[in-house]
Amino acid sequence: MAIPKKLPIEFSCGHTETKDLSDKPAGKRKAHAFGLGKNFVCSRCFKKQGRANLERQEQEVLADAMGFEEDHELPELQGSDKQIKWATRIRYTVLADILESDESPKQQSEGAHTLETAKRLIHAGWWIDNLRDTSDLDTDDLIELIITGADDTDDDHIASENPF
């Protein structure tokens, strides 16, 4: 009789899953399965907990962003609900980084000017398209993007490139 490589494990959440433990030595599989069951939850419960934690963190950031918008009198963004949530978080993190990086009086005036300029960028798509990945940009690059982005916008926003 061969020693089983797949064992049913009853997890601490009460669910049972069969796990492949072929990477463990034969003499340690049952002990490892017992330890997994005693100390962990099943994969379905683990994913559910992860999703709940992620949603909670996103709600906290969104609440901070809305408070930031009120404090700095930023206008509401325009777009779909999903775009607005995403762009609100982006706008908050970018503008907060710019305002927190103000060290010299020159940088403080640039930060204030950038904040005033950002008030004209009300299309959620602009924030998503231009600032969703800022890992390779420094503060001066962010300021330049916002200032030049506001210069390019006009009141006759074109929703589509199709002329017909």
# chains A, B, ... in the order shown; residues from 1 in each chain; ligands from 1
>>> residues_around(residues="Arg132 (chain A)", least_positions_apart="4", cutoff="8 Å", atoms="only C-alpha atoms", output="VMD selection string")
chain A and resid 90 127 to 128
>>> residues_around(residues="region 42-51 of chain A", least_positions_apart="3", cutoff="7 Å", atoms="only C-alpha atoms", output="short mmCIF file (atom, residue, chain, number, x, y, z; two decimals) with N, CA and C atoms, in the first residue's frame")
data_model
loop_
_atom_site.label_atom_id
_atom_site.label_comp_id
_atom_site.auth_asym_id
_atom_site.auth_seq_id
_atom_site.Cartn_x
_atom_site.Cartn_y
_atom_site.Cartn_z
N PHE A 11 -9.78 22.30 8.19
CA PHE A 11 -9.19 23.56 8.60
C PHE A 11 -9.92 24.16 9.80
N CYS A 13 -11.47 26.79 10.06
CA CYS A 13 -12.73 27.43 9.70
C CYS A 13 -13.87 26.41 9.63
N HIS A 15 -14.08 23.98 7.23
CA HIS A 15 -14.13 23.40 5.89
C HIS A 15 -13.03 22.36 5.72
N GLU A 17 -10.57 20.43 2.82
CA GLU A 17 -10.01 20.44 1.46
C GLU A 17 -8.97 19.34 1.36
N LEU A 54 -8.92 43.98 1.80
CA LEU A 54 -8.62 44.90 0.71
C LEU A 54 -9.72 45.94 0.54
N GLU A 55 -10.97 45.51 0.60
CA GLU A 55 -12.09 46.45 0.49
C GLU A 55 -12.08 47.45 1.64
#
>>> atom_distance(atom1="CA of Asp151 (chain A)", atom2="CA of Ile122 (chain A)")
12.9 Å
>>> atom_distance(atom1="CA of Arg56 (chain A)", atom2="CA of Pro75 (chain A)")
24.7 Å
>>> atom_distance(atom1="CA of Glu161 (chain A)", atom2="CA of Thr148 (chain A)")
20.7 Å
>>> residues_around(residues="Pro8 (chain A)", least_positions_apart="4", cutoff="10 Å", atoms="only C-alpha atoms", output="VMD selection string")
chain A and resid 16 to 20 30 33 to 34 37
>>> write_last_selection(atoms="N, CA and C atoms", output="mmCIF file, in the first residue's frame")
data_model
loop_
_atom_site.group_PDB
_atom_site.id
_atom_site.type_symbol
_atom_site.label_atom_id
_atom_site.label_comp_id
_atom_site.auth_asym_id
_atom_site.auth_seq_id
_atom_site.Cartn_x
_atom_site.Cartn_y
_atom_site.Cartn_z
ATOM 1 N N THR A 16 -13.277 21.437 4.799
ATOM 2 C CA THR A 16 -12.297 20.396 4.504
ATOM 3 C C THR A 16 -11.875 20.512 3.051
ATOM 4 N N GLU A 17 -10.567 20.430 2.816
ATOM 5 C CA GLU A 17 -10.008 20.445 1.465
ATOM 6 C C GLU A 17 -8.971 19.343 1.365
ATOM 7 N N THR A 18 -8.822 18.804 0.179
ATOM 8 C CA THR A 18 -7.779 17.807 -0.069
ATOM 9 C C THR A 18 -6.573 18.539 -0.623
ATOM 10 N N LYS A 19 -5.439 18.354 0.017
ATOM 11 C CA LYS A 19 -4.204 19.027 -0.385
ATOM 12 C C LYS A 19 -3.166 18.007 -0.825
ATOM 13 N N ASP A 20 -2.408 18.392 -1.842
ATOM 14 C CA ASP A 20 -1.312 17.559 -2.327
ATOM 15 C C ASP A 20 -0.080 17.864 -1.481
ATOM 16 N N LYS A 30 1.286 13.509 7.489
ATOM 17 C CA LYS A 30 0.125 13.590 8.386
ATOM 18 C C LYS A 30 0.307 14.702 9.420
ATOM 19 N N ALA A 33 -0.211 17.989 7.642
ATOM 20 C CA ALA A 33 -1.633 18.192 7.368
ATOM 21 C C ALA A 33 -2.361 18.623 8.633
ATOM 22 N N PHE A 34 -2.031 17.990 9.779
ATOM 23 C CA PHE A 34 -2.652 18.375 11.045
ATOM 24 C C PHE A 34 -2.317 19.831 11.391
ATOM 25 N N GLY A 37 -4.260 22.264 9.207
ATOM 26 C CA GLY A 37 -5.659 22.336 9.619
ATOM 27 C C GLY A 37 -5.858 23.111 10.900
#
